Amino acid sequence: MALVFRSVAQVAGISLSLLGWVLACLTNYLPHWKNLNLDLNEMENWTMGLWQACVIQEEVGVQCKDFDSFLALPAELRISRILMFLSNGLGLLGLLVSGVGLDCSRIGETRRGLKKGLLILGGILFWAAGVAALAPVSWVAYQTVQEFWDETVPEIVPRWEFGEALFLGWFAGFFLLLGGCLLTCGACTPQAAPASGRYAAAETQYHRQHREMNKAHLKT
């Protein structure tokens, strides 16, 4: 039962972590962190991401423009760029490390403690990647809410609202955290006895050959 749970936890953990990493990469580059609808011109919508702002018009289509200066961006967008890059890098490193530590991998299978250490390290990397993805998304969402309900701004001024990328970022962080937890739980689950499968067959064959050599030596 423990072996089944270990295998299921590893497969589910690496799958959820991979999904979370892909969603985090999409969140980083999609220009839909904020949406702005103009009441005066309902046929024109604005979106903003970490790297560019876009205007969507029914007649013209989508037109995007990259931000000219990193320093000219608001503080939450500057720090969000750094944290999202950090999340993507940690997630990729976690996939590489935990992929080697899986039981189905042949790498390092002769060292029993190595795979467990790699899985735990991969889980920690996924936790860090999940936190690094949740922090900027939540911060931008908080700033958006603060600006939306700012009473000092006249009501006629359009307000930014949540974009689709924020929800992708929340899902990405949740999947990365959950995947890291499953990998760590799978690593801490006891393994099957080492003398099983092909190891048991190899050990049996070795003892058989050893007995035959002893018999031949006694006959001579």
# chains A, B, ... in the order shown; residues from 1 in each chain; ligands from 1
>>> residues_around(residues="Ala53 in chain A", least_positions_apart="3", cutoff="10 Å", atoms="only C-alpha atoms", output="VMD selection string")
chain A and resid 31 to 35 46 to 50 63 to 67
>>> select_by_dssp(residues="range 34-168 of chain A", states="strand (DSSP E)", output="list in words")
Lys34, Asn35, Leu36, Asn37, Glu44, Asn45, Trp46, Thr47, Met48, Gln52, Ala53, Cys54, Val55, Ile56, Gln57, Gly61, Val62, Gln63, Cys64, Lys65, Asp66, Glu161 and Phe162 of chain A
>>> residues_around(residues="Asp68 in chain A", least_positions_apart="4", cutoff="10 Å", atoms="only C-alpha atoms", output="PyMOL selection string")
chain A and resi 51-52+72-73
>>> residues_around(residues="Leu19 in chain A", least_positions_apart="4", cutoff="9 Å", atoms="only C-alpha atoms", output="number ranges by chain")
A: 14-15, 23-24, 172, 175-176
>>> atom_distance(atom1="CA of Leu36 in chain A", atom2="CA of Glu58 in chain A")
15.2 Å
>>> select_by_dssp(residues="chain A", states="alpha helix (DSSP H)", output="MDAnalysis selection string")
chainID A and resid 2:29 75:101 112:148 164:188 198:219
>>> atom_distance(atom1="CA of Leu96 in chain A", atom2="CA of Arg81 in chain A")
23.0 Å
>>> residues_around(residues="Gly169 in chain A", least_positions_apart="5", cutoff="12 Å", atoms="only C-alpha atoms", output="PyMOL selection string")
chain A and resi 19-30+32-33+80+83-84+87-88+129-141+162-164+174-176
>>> closest_residue(among="A:Val11, A:Val97, A:Cys54, A:Leu71", to="Lys115 in chain A", atoms="only C-alpha atoms")
A:Val97
